[in-house]
Structures are given as C-alpha cells and as structure tokens.
file work-v3.cif (mmCIF, C-alpha atoms)
data_structure
loop_
_atom_site.group_PDB
_atom_site.id
_atom_site.type_symbol
_atom_site.label_atom_id
_atom_site.label_comp_id
_atom_site.auth_asym_id
_atom_site.auth_seq_id
_atom_site.Cartn_x
_atom_site.Cartn_y
_atom_site.Cartn_z
ATOM 1 C CA MET A 1 0.000 0.000 0.000
ATOM 2 C CA PHE A 2 1.392 3.356 -1.016
ATOM 3 C CA ARG A 3 0.517 7.000 -0.506
ATOM 4 C CA TYR A 4 -1.131 8.312 -3.662
ATOM 5 C CA VAL A 5 0.818 11.583 -3.530
ATOM 6 C CA HIS A 6 4.093 9.674 -3.242
ATOM 7 C CA LEU A 7 3.265 7.552 -6.291
ATOM 8 C CA GLU A 8 2.620 10.689 -8.362
ATOM 9 C CA LEU A 9 5.809 12.358 -7.099
ATOM 10 C CA LYS A 10 7.928 9.273 -7.789
ATOM 11 C CA ALA A 11 6.663 9.192 -11.372
ATOM 12 C CA ALA A 12 7.377 12.915 -11.762
ATOM 13 C CA PHE A 13 10.907 12.468 -10.394
ATOM 14 C CA ALA A 14 11.528 9.576 -12.808
ATOM 15 C CA ALA A 15 10.337 11.647 -15.781
ATOM 16 C CA ALA A 16 12.464 14.629 -14.711
ATOM 17 C CA ALA A 17 15.541 12.417 -14.297
ATOM 18 C CA ALA A 18 14.960 10.861 -17.725
ATOM 19 C CA LEU A 19 14.656 14.358 -19.207
ATOM 20 C CA ILE A 20 17.941 15.444 -17.640
ATOM 21 C CA VAL A 21 19.755 12.317 -18.838
ATOM 22 C CA THR A 22 18.285 12.666 -22.350
ATOM 23 C CA LEU A 23 19.328 16.316 -22.611
ATOM 24 C CA ALA A 24 22.808 15.500 -21.297
ATOM 25 C CA VAL A 25 23.267 12.705 -23.847
ATOM 26 C CA LEU A 26 22.015 14.977 -26.633
ATOM 27 C CA PHE A 27 24.441 17.692 -25.547
ATOM 28 C CA VAL A 28 27.388 15.276 -25.485
ATOM 29 C CA VAL A 29 26.552 13.671 -28.841
ATOM 30 C CA ARG A 30 25.296 16.675 -30.814
ATOM 31 C CA GLY A 31 26.853 19.540 -28.942
ATOM 32 C CA SER A 32 25.228 22.881 -28.295
ATOM 33 C CA PRO A 33 22.476 23.928 -29.032
ATOM 34 C CA VAL A 34 20.475 20.840 -28.220
ATOM 35 C CA LEU A 35 16.967 22.212 -28.722
ATOM 36 C CA ALA A 36 15.467 24.279 -31.508
ATOM 37 C CA ASP A 37 15.556 28.071 -31.346
ATOM 38 C CA ALA A 38 12.031 28.543 -29.991
ATOM 39 C CA TRP A 39 12.158 25.744 -27.419
ATOM 40 C CA TRP A 40 11.287 28.140 -24.631
ATOM 41 C CA LEU A 41 7.881 28.823 -26.238
ATOM 42 C CA SER A 42 7.077 25.136 -25.894
ATOM 43 C CA VAL A 43 8.189 25.137 -22.259
ATOM 44 C CA VAL A 44 6.105 28.220 -21.408
ATOM 45 C CA ALA A 45 3.071 26.738 -23.152
ATOM 46 C CA MET A 46 3.491 23.455 -21.253
ATOM 47 C CA VAL A 47 3.782 25.217 -17.902
ATOM 48 C CA VAL A 48 0.656 27.300 -18.577
ATOM 49 C CA VAL A 49 -1.336 24.264 -19.710
ATOM 50 C CA ALA A 50 -0.082 22.276 -16.700
ATOM 51 C CA ALA A 51 -1.205 25.042 -14.335
ATOM 52 C CA LEU A 52 -4.664 25.002 -15.906
ATOM 53 C CA TRP A 53 -4.667 21.206 -15.813
ATOM 54 C CA THR A 54 -3.809 21.238 -12.096
ATOM 55 C CA GLY A 55 -6.860 23.381 -11.410
ATOM 56 C CA LEU A 56 -9.005 21.056 -13.485
ATOM 57 C CA GLN A 57 -7.683 17.958 -11.708
ATOM 58 C CA ALA A 58 -8.416 19.475 -8.308
ATOM 59 C CA SER A 59 -12.034 20.098 -9.340
ATOM 60 C CA ARG A 60 -15.019 17.761 -9.368
ATOM 61 C CA SER A 61 -15.353 18.098 -13.147
ATOM 62 C CA LYS A 62 -16.290 15.056 -15.216
ATOM 63 C CA TRP A 63 -13.506 15.885 -17.680
ATOM 64 C CA GLY A 64 -10.253 15.356 -15.843
ATOM 65 C CA GLY A 65 -11.304 16.168 -12.277
ATOM 66 C CA LYS A 66 -9.954 13.743 -9.692
ATOM 67 C CA ALA A 67 -11.830 15.038 -6.655
ATOM 68 C CA ARG A 68 -14.698 12.632 -7.355
ATOM 69 C CA ASP A 69 -12.262 9.716 -7.329
ATOM 70 C CA PHE A 70 -10.763 10.941 -4.071
ATOM 71 C CA GLU A 71 -14.208 11.325 -2.501
ATOM 72 C CA ALA A 72 -15.072 7.767 -3.551
ATOM 73 C CA ALA A 73 -12.148 6.421 -1.511
ATOM 74 C CA VAL A 74 -13.120 4.006 1.238
ATOM 75 C CA PRO A 75 -11.969 4.387 4.838
ATOM 76 C CA ARG A 76 -9.211 2.028 5.825
ATOM 77 C CA GLU A 77 -10.151 -0.404 8.569
ATOM 78 C CA ASP A 78 -6.886 -0.409 10.510
ATOM 79 C CA PRO A 79 -5.444 3.102 10.568
ATOM 80 C CA GLN A 80 -2.789 1.992 13.087
ATOM 81 C CA GLY A 81 0.301 0.666 11.385
ATOM 82 C CA VAL A 82 -0.765 1.838 7.961
ATOM 83 C CA LEU A 83 2.563 1.201 6.330
ATOM 84 C CA PRO A 84 5.337 -1.209 7.275
ATOM 85 C CA ALA A 85 8.538 0.556 8.217
ATOM 86 C CA GLY A 86 10.536 1.704 5.202
ATOM 87 C CA ARG A 87 8.192 0.340 2.522
ATOM 88 C CA GLY A 88 6.977 2.832 -0.039
ATOM 89 C CA ARG A 89 8.314 5.910 1.656
ATOM 90 C CA LEU A 90 9.167 8.776 -0.651
ATOM 91 C CA LEU A 91 12.635 9.339 0.802
ATOM 92 C CA HIS A 92 13.385 5.617 0.885
ATOM 93 C CA ARG A 93 12.885 5.231 -2.882
ATOM 94 C CA PRO A 94 12.619 8.641 -4.540
ATOM 95 C CA PHE A 95 11.556 7.473 -7.980
ATOM 96 C CA ARG A 96 10.482 4.480 -10.012
ATOM 97 C CA TRP A 97 13.449 2.865 -11.744
ATOM 98 C CA VAL A 98 11.375 0.872 -14.231
ATOM 99 C CA LEU A 99 9.535 3.996 -15.358
ATOM 100 C CA PHE A 100 12.824 5.902 -15.572
ATOM 101 C CA LEU A 101 14.432 3.238 -17.763
ATOM 102 C CA THR A 102 11.335 2.937 -19.956
ATOM 103 C CA LEU A 103 11.140 6.686 -20.512
ATOM 104 C CA LEU A 104 14.843 6.782 -21.256
ATOM 105 C CA ALA A 105 14.613 3.889 -23.724
ATOM 106 C CA VAL A 106 11.807 5.630 -25.599
ATOM 107 C CA SER A 107 13.027 9.221 -25.390
ATOM 108 C CA LEU A 108 16.638 8.785 -26.436
ATOM 109 C CA PRO A 109 15.947 7.386 -29.923
ATOM 110 C CA LEU A 110 13.084 9.814 -30.502
ATOM 111 C CA SER A 111 15.111 12.810 -29.388
ATOM 112 C CA PHE A 112 17.900 11.897 -31.805
ATOM 113 C CA TRP A 113 15.302 11.998 -34.546
ATOM 114 C CA HIS A 114 14.001 15.411 -33.394
ATOM 115 C CA SER A 115 15.491 17.024 -30.304
ATOM 116 C CA ASN A 116 12.291 18.831 -29.237
ATOM 117 C CA LEU A 117 10.656 15.458 -28.602
ATOM 118 C CA ALA A 118 12.712 15.327 -25.397
ATOM 119 C CA LEU A 119 10.289 17.933 -24.049
ATOM 120 C CA VAL A 120 7.562 15.281 -23.938
ATOM 121 C CA GLN A 121 9.204 14.172 -20.703
ATOM 122 C CA LEU A 122 8.772 17.692 -19.376
ATOM 123 C CA TRP A 123 5.053 17.375 -20.067
ATOM 124 C CA LEU A 124 4.945 14.020 -18.242
ATOM 125 C CA THR A 125 6.785 15.557 -15.292
ATOM 126 C CA LEU A 126 4.326 18.436 -15.122
ATOM 127 C CA TYR A 127 1.371 16.065 -15.524
ATOM 128 C CA TRP A 128 2.408 13.893 -12.591
ATOM 129 C CA LEU A 129 3.290 16.923 -10.478
ATOM 130 C CA SER A 130 -0.172 18.358 -11.108
ATOM 131 C CA GLY A 131 -1.724 15.078 -9.973
ATOM 132 C CA ALA A 132 0.346 15.171 -6.795
ATOM 133 C CA LEU A 133 -0.630 18.780 -6.126
ATOM 134 C CA ALA A 134 -4.329 18.057 -6.659
ATOM 135 C CA ALA A 135 -4.177 15.065 -4.311
ATOM 136 C CA ALA A 136 -2.192 16.950 -1.668
ATOM 137 C CA ARG A 137 -4.702 19.808 -1.783
ATOM 138 C CA TRP A 138 -7.608 17.398 -1.373
ATOM 139 C CA GLU A 139 -5.857 15.603 1.499
ATOM 140 C CA ARG A 140 -5.179 18.865 3.303
ATOM 141 C CA ARG A 141 -8.743 20.115 2.906
ATOM 142 C CA ASN A 142 -10.242 16.872 4.159
ATOM 143 C CA GLY A 143 -7.703 15.997 6.864
ATOM 144 C CA VAL A 144 -6.966 12.526 5.484
ATOM 145 C CA LEU A 145 -4.197 10.666 3.687
ATOM 146 C CA LEU A 146 -4.975 8.893 0.401
ATOM 147 C CA TRP A 147 -3.599 5.392 -0.125
ATOM 148 C CA GLN A 148 -3.543 3.153 -3.164
ATOM 149 C CA GLY A 149 -3.044 -0.610 -3.403
ATOM 150 C CA HIS A 150 -4.846 -1.771 -0.256
ATOM 151 C CA ASP A 151 -7.114 -4.102 -2.257
ATOM 152 C CA ARG A 152 -5.306 -6.896 -4.102
ATOM 153 C CA ASN A 153 -8.280 -7.420 -6.429
ATOM 154 C CA ASP A 154 -8.394 -3.741 -7.417
ATOM 155 C CA PRO A 155 -4.921 -2.207 -6.893
ATOM 156 C CA LEU A 156 -5.998 1.203 -8.240
ATOM 157 C CA LYS A 157 -8.748 1.559 -5.631
ATOM 158 C CA LEU A 158 -8.165 4.405 -3.207
ATOM 159 C CA SER A 159 -8.577 4.353 0.546
ATOM 160 C CA TYR A 160 -7.949 6.957 3.204
ATOM 161 C CA THR A 161 -6.875 7.247 6.805
ATOM 162 C CA PRO A 162 -7.413 10.258 9.031
ATOM 163 C CA VAL A 163 -4.443 12.398 9.894
ATOM 164 C CA SER A 164 -3.714 11.918 13.563
ATOM 165 C CA PRO A 165 -4.221 14.979 15.755
ATOM 166 C CA PRO A 166 -1.092 16.571 17.196
ATOM 167 C CA PRO A 167 -0.024 15.196 20.570
ATOM 168 C CA PRO A 168 -1.125 17.229 23.584
ATOM 169 C CA THR A 169 1.357 19.724 24.926
ATOM 170 C CA ARG A 170 3.195 18.720 28.041
ATOM 171 C CA THR A 171 4.598 20.770 30.845
ATOM 172 C CA ALA A 172 7.660 20.102 32.941
ATOM 173 C CA THR A 173 5.535 18.671 35.793
ATOM 174 C CA ASP A 174 3.203 16.693 33.460
ATOM 175 C CA ALA A 175 0.350 18.921 34.554
ATOM 176 C CA PRO A 176 -2.256 19.732 31.901
ATOM 177 C CA PRO A 177 -1.571 23.060 30.176
ATOM 178 C CA GLY A 178 -3.519 26.093 31.326
#

call {"tool": "encode", "arguments": {"input": "work-v3.cif", "output": "structure tokens"}}
result
Amino acid sequence: MFRYVHLELKAAFAAAAALIVTLAVLFVVRGSPVLADAWWLSVVAMVVVAALWTGLQASRSKWGGKARDFEAAVPREDPQGVLPAGRGRLLHRPFRWVLFLTLLAVSLPLSFWHSNLALVQLWLTLYWLSGALAAARWERRNGVLLWQGHDRNDPLKLSYTPVSPPPPTRTATDAPPG
C-alpha cells in the first residue's frame, strides 16, 4: 500500500531524471544547441497548460477532475500501522526505476530523430506533479491521507486514513496546560 501523492511524485521524479539524462546525452553527442531556437515557447506553453490542468484535476469536473475519485475512496479499517517501516516511503525510494528506464529507452531514440521530442518528458513531469498537487490539496482540505493498493483485487482503488491529531502539549511537571 502506497501513498497516492508519493506515487505521483515518484513518477514525476523519474520523468524529470529521464529528461535530464536525455538532454545531457544529446548535448554530449550533438553539442550545443540541443533544442530548436524557440524551445522556450514550448516550455512556457506546457507550464501554462499544466497550471490550468492542475486546477481542473483538483475540481469535481467530469472531464479530468480527480476530486470525485478521491471522494469515492473508502476508509481504511486499521489506521494503526498503515505502512510497514521503510516500505513505499518517498525518501526511501525517490523514484520508479522501471519507469525511468522505460522513458529513457523511448526518449533517447526519438530525441535523436528530433530534439524537441525530449520535451515530452517535461510534459509528463508536469502532468504527474499536477496530480500530486491536486491530491495533496484534497488531502489537506479533508484531513486525510490517500492510499492506493490496499485491495489486491483492485490495486488502483483508493482508501484513506485520518491524519492523527497533534499530541497534547506537556509541561515540565506533566500537569495539563492552562
């Protein structure tokens, strides 16, 4: 079972790493400049579209909104011990190696054909980041954590656990505050 936000961030990190490696290989093989003259127009357009897409994903819209999927998540039965120690943590494994290698295997040959095709990985990075932002916003507003993979029959099914309240403040004499 994995945090939904972490899955989206791991995919975004893998796409960003594949983009960096692809651009570095293109620079070494072809030299400078790697991208076409107006590459920055493509980047600006992608960032603007990704910002709009993030807003759409955070909405309850039928066309791309994920809030309905998040609201359909089922409560998890055992909120204690939600995740075994070290498994699936974002800092433990920062990105998906299989996705990274797949993106690299596809992007390198395509980017040698036309160097601007390397920017497709930028779009994938922004897409997965927008999904993570939409999920994090929904989690924060609802005070829960979204999880994926709790049901072996339906691994894409979402569940949630409440965020635990902060521990009570303690004084030096263990007397209640106030």

call {"tool": "atom_distance", "arguments": {"input": "work-v3.cif", "atom1": "CA of Val120 in chain A", "atom2": "CA of Leu19 in chain A"}}
result
8.6 Å

call {"tool": "resolve_selection", "arguments": {"input": "work-v3.cif", "expression": "the PyMOL selection byres ((chain A and resi 51) around 12)", "output": "PyMOL selection string"}}
result
chain A and resi 44-50+52-58+123+126-131+133-134

call {"tool": "write_last_selection", "arguments": {"input": "work-v3.cif", "atoms": "C-alpha atoms", "output": "PDB file, in the coordinates of the input"}}
result
ATOM      1  CA  VAL A  44       6.105  28.220 -21.408  1.00  0.00           C
ATOM      2  CA  ALA A  45       3.071  26.738 -23.152  1.00  0.00           C
ATOM      3  CA  MET A  46       3.491  23.455 -21.253  1.00  0.00           C
ATOM      4  CA  VAL A  47       3.782  25.217 -17.902  1.00  0.00           C
ATOM      5  CA  VAL A  48       0.656  27.300 -18.577  1.00  0.00           C
ATOM      6  CA  VAL A  49      -1.336  24.264 -19.710  1.00  0.00           C
ATOM      7  CA  ALA A  50      -0.082  22.276 -16.700  1.00  0.00           C
ATOM      8  CA  LEU A  52      -4.664  25.002 -15.906  1.00  0.00           C
ATOM      9  CA  TRP A  53      -4.667  21.206 -15.813  1.00  0.00           C
ATOM     10  CA  THR A  54      -3.809  21.238 -12.096  1.00  0.00           C
ATOM     11  CA  GLY A  55      -6.860  23.381 -11.410  1.00  0.00           C
ATOM     12  CA  LEU A  56      -9.005  21.056 -13.485  1.00  0.00           C
ATOM     13  CA  GLN A  57      -7.683  17.958 -11.708  1.00  0.00           C
ATOM     14  CA  ALA A  58      -8.416  19.475  -8.308  1.00  0.00           C
ATOM     15  CA  TRP A 123       5.053  17.375 -20.067  1.00  0.00           C
ATOM     16  CA  LEU A 126       4.326  18.436 -15.122  1.00  0.00           C
ATOM     17  CA  TYR A 127       1.371  16.065 -15.524  1.00  0.00           C
ATOM     18  CA  TRP A 128       2.408  13.893 -12.591  1.00  0.00           C
ATOM     19  CA  LEU A 129       3.290  16.923 -10.478  1.00  0.00           C
ATOM     20  CA  SER A 130      -0.172  18.358 -11.108  1.00  0.00           C
ATOM     21  CA  GLY A 131      -1.724  15.078  -9.973  1.00  0.00           C
ATOM     22  CA  LEU A 133      -0.630  18.780  -6.126  1.00  0.00           C
ATOM     23  CA  ALA A 134      -4.329  18.057  -6.659  1.00  0.00           C
TER      24      ALA A 134
END

call {"tool": "resolve_selection", "arguments": {"input": "work-v3.cif", "expression": "the PyMOL selection byres ((chain A and resi 145) around 8)", "output": "JSON, numbers by chain"}}
result
{"A": [3, 139, 143, 144, 146, 147, 160, 161, 162, 163]}

call {"tool": "atom_distance", "arguments": {"input": "work-v3.cif", "atom1": "CA of Ala14 in chain A", "atom2": "CA of Phe2 in chain A"}}
result
16.7 Å

call {"tool": "closest_residue", "arguments": {"input": "work-v3.cif", "among": "A:Gln121, A:Val5, A:Asn153, A:Trp113", "to": "Leu99 in chain A", "atoms": "all atoms listed in the file"}}
result
A:Gln121

call {"tool": "atom_distance", "arguments": {"input": "work-v3.cif", "atom1": "CA of Thr22 in chain A", "atom2": "CA of Val43 in chain A"}}
result
16.0 Å

call {"tool": "axis_aligned_box", "arguments": {"input": "work-v3.cif", "around": "range 45-61 of chain A", "padding_each_side": "6 Å", "output": "JSON"}}
result
{"center_x": -5.8, "center_y": 22.5, "center_z": -15.7, "size_x": 31.1, "size_y": 21.5, "size_z": 26.8}

call {"tool": "closest_residue", "arguments": {"input": "work-v3.cif", "among": "A:Pro155, A:Gly149, A:Pro75, A:Gly65", "to": "Met1 in chain A", "atoms": "only C-alpha atoms"}}
result
A:Gly149

call {"tool": "residues_around", "arguments": {"input": "work-v3.cif", "residues": "range 25-29 of chain A", "least_positions_apart": "4", "cutoff": "12 Å", "atoms": "all atoms listed in the file", "output": "ChimeraX atom specification"}}
result
/A:18-21,33-35,104,107-118

call {"tool": "residues_near_point", "arguments": {"input": "work-v3.cif", "point": "(-7.0, 0.0, 1.0)", "cutoff": "6 Å", "atoms": "only C-alpha atoms", "output": "number ranges by chain"}}
result
A: 76, 149-151, 159

call {"tool": "closest_residue", "arguments": {"input": "work-v3.cif", "among": "A:Val106, A:Leu122, A:Ala16, A:Ala24", "to": "Ser42 in chain A", "atoms": "only C-alpha atoms"}}
result
A:Leu122

call {"tool": "closest_residue", "arguments": {"input": "work-v3.cif", "among": "A:Ala175, A:Leu41, A:Ala105, A:Ala132", "to": "Leu7 in chain A", "atoms": "all atoms listed in the file"}}
result
A:Ala132

call {"tool": "residues_near_point", "arguments": {"input": "work-v3.cif", "point": "(-8.2, 8.9, -4.6)", "cutoff": "6 Å", "atoms": "only C-alpha atoms", "output": "ChimeraX atom specification"}}
result
/A:69-70,73,146,158

call {"tool": "closest_residue", "arguments": {"input": "work-v3.cif", "among": "A:Ala17, A:Ala172, A:Ala135, A:Leu156", "to": "Lys66 in chain A", "atoms": "all atoms listed in the file"}}
result
A:Ala135

call {"tool": "build_atoms", "arguments": {"input": "work-v3.cif", "residues": "range 46-57 of chain A", "atoms": "all heavy atoms", "output": "CSV table (one decimal), in the coordinates of the input"}}
result
chain,number,residue,atom,x,y,z
A,46,MET,N,3.7,24.6,-22.1
A,46,MET,CA,3.5,23.5,-21.3
A,46,MET,C,3.2,23.8,-19.8
A,46,MET,O,2.4,23.2,-19.1
A,46,MET,CB,4.7,22.5,-21.3
A,46,MET,CG,4.7,21.7,-22.6
A,46,MET,SD,6.0,20.4,-22.4
A,46,MET,CE,6.9,20.7,-23.9
A,47,VAL,N,4.0,24.8,-19.3
A,47,VAL,CA,3.8,25.2,-17.9
A,47,VAL,C,2.4,25.9,-17.7
A,47,VAL,O,1.7,25.6,-16.7
A,47,VAL,CB,4.9,26.2,-17.5
A,47,VAL,CG1,4.6,26.8,-16.1
A,47,VAL,CG2,6.2,25.4,-17.4
A,48,VAL,N,2.0,26.7,-18.7
A,48,VAL,CA,0.7,27.3,-18.6
A,48,VAL,C,-0.4,26.2,-18.6
A,48,VAL,O,-1.4,26.3,-17.8
A,48,VAL,CB,0.5,28.4,-19.7
A,48,VAL,CG1,-0.9,28.8,-19.8
A,48,VAL,CG2,1.4,29.5,-19.4
A,49,VAL,N,-0.3,25.3,-19.6
A,49,VAL,CA,-1.3,24.3,-19.7
A,49,VAL,C,-1.3,23.4,-18.5
A,49,VAL,O,-2.4,23.0,-18.0
A,49,VAL,CB,-1.1,23.4,-21.0
A,49,VAL,CG1,-1.9,22.2,-21.0
A,49,VAL,CG2,-1.4,24.3,-22.2
A,50,ALA,N,-0.2,23.1,-17.9
A,50,ALA,CA,-0.1,22.3,-16.7
A,50,ALA,C,-0.7,23.0,-15.5
A,50,ALA,O,-1.4,22.3,-14.7
A,50,ALA,CB,1.4,21.9,-16.4
A,51,ALA,N,-0.6,24.3,-15.4
A,51,ALA,CA,-1.2,25.0,-14.3
A,51,ALA,C,-2.7,25.0,-14.5
A,51,ALA,O,-3.4,24.8,-13.5
A,51,ALA,CB,-0.7,26.5,-14.4
A,52,LEU,N,-3.2,25.1,-15.7
A,52,LEU,CA,-4.7,25.0,-15.9
A,52,LEU,C,-5.1,23.6,-15.6
A,52,LEU,O,-6.2,23.4,-15.1
A,52,LEU,CB,-5.0,25.4,-17.3
A,52,LEU,CG,-4.8,26.9,-17.7
A,52,LEU,CD1,-5.0,27.1,-19.2
A,52,LEU,CD2,-5.7,27.8,-16.9
A,53,TRP,N,-4.3,22.6,-16.0
A,53,TRP,CA,-4.7,21.2,-15.8
A,53,TRP,C,-4.7,20.9,-14.3
A,53,TRP,O,-5.5,20.1,-13.9
A,53,TRP,CB,-3.7,20.3,-16.5
A,53,TRP,CG,-3.9,18.9,-16.4
A,53,TRP,CD1,-3.2,18.0,-15.7
A,53,TRP,CD2,-5.0,18.1,-16.9
A,53,TRP,NE1,-3.8,16.7,-15.8
A,53,TRP,CE2,-4.9,16.8,-16.6
A,53,TRP,CE3,-6.1,18.5,-17.7
A,53,TRP,CZ2,-5.8,15.8,-16.9
A,53,TRP,CZ3,-7.0,17.5,-18.1
A,53,TRP,CH2,-6.8,16.2,-17.7
A,54,THR,N,-3.8,21.5,-13.5
A,54,THR,CA,-3.8,21.2,-12.1
A,54,THR,C,-5.1,21.7,-11.5
A,54,THR,O,-5.7,21.0,-10.6
A,54,THR,CB,-2.6,22.0,-11.4
A,54,THR,OG1,-1.4,21.5,-12.0
A,54,THR,CG2,-2.6,21.7,-9.9
A,55,GLY,N,-5.6,22.9,-11.9
A,55,GLY,CA,-6.9,23.4,-11.4
A,55,GLY,C,-8.0,22.5,-11.8
A,55,GLY,O,-8.9,22.2,-11.0
A,56,LEU,N,-8.0,22.0,-13.0
A,56,LEU,CA,-9.0,21.1,-13.5
A,56,LEU,C,-9.0,19.7,-12.7
A,56,LEU,O,-10.0,19.2,-12.3
A,56,LEU,CB,-8.9,20.8,-15.0
A,56,LEU,CG,-9.9,19.9,-15.6
A,56,LEU,CD1,-11.3,20.6,-15.6
A,56,LEU,CD2,-9.5,19.6,-17.0
A,57,GLN,N,-7.8,19.2,-12.5
A,57,GLN,CA,-7.7,18.0,-11.7
A,57,GLN,C,-8.2,18.1,-10.3
A,57,GLN,O,-8.7,17.2,-9.7
A,57,GLN,CB,-6.2,17.5,-11.7
A,57,GLN,CG,-5.8,16.7,-12.9
A,57,GLN,CD,-4.5,16.0,-12.8
A,57,GLN,OE1,-3.6,16.6,-12.2
A,57,GLN,NE2,-4.4,14.8,-13.3
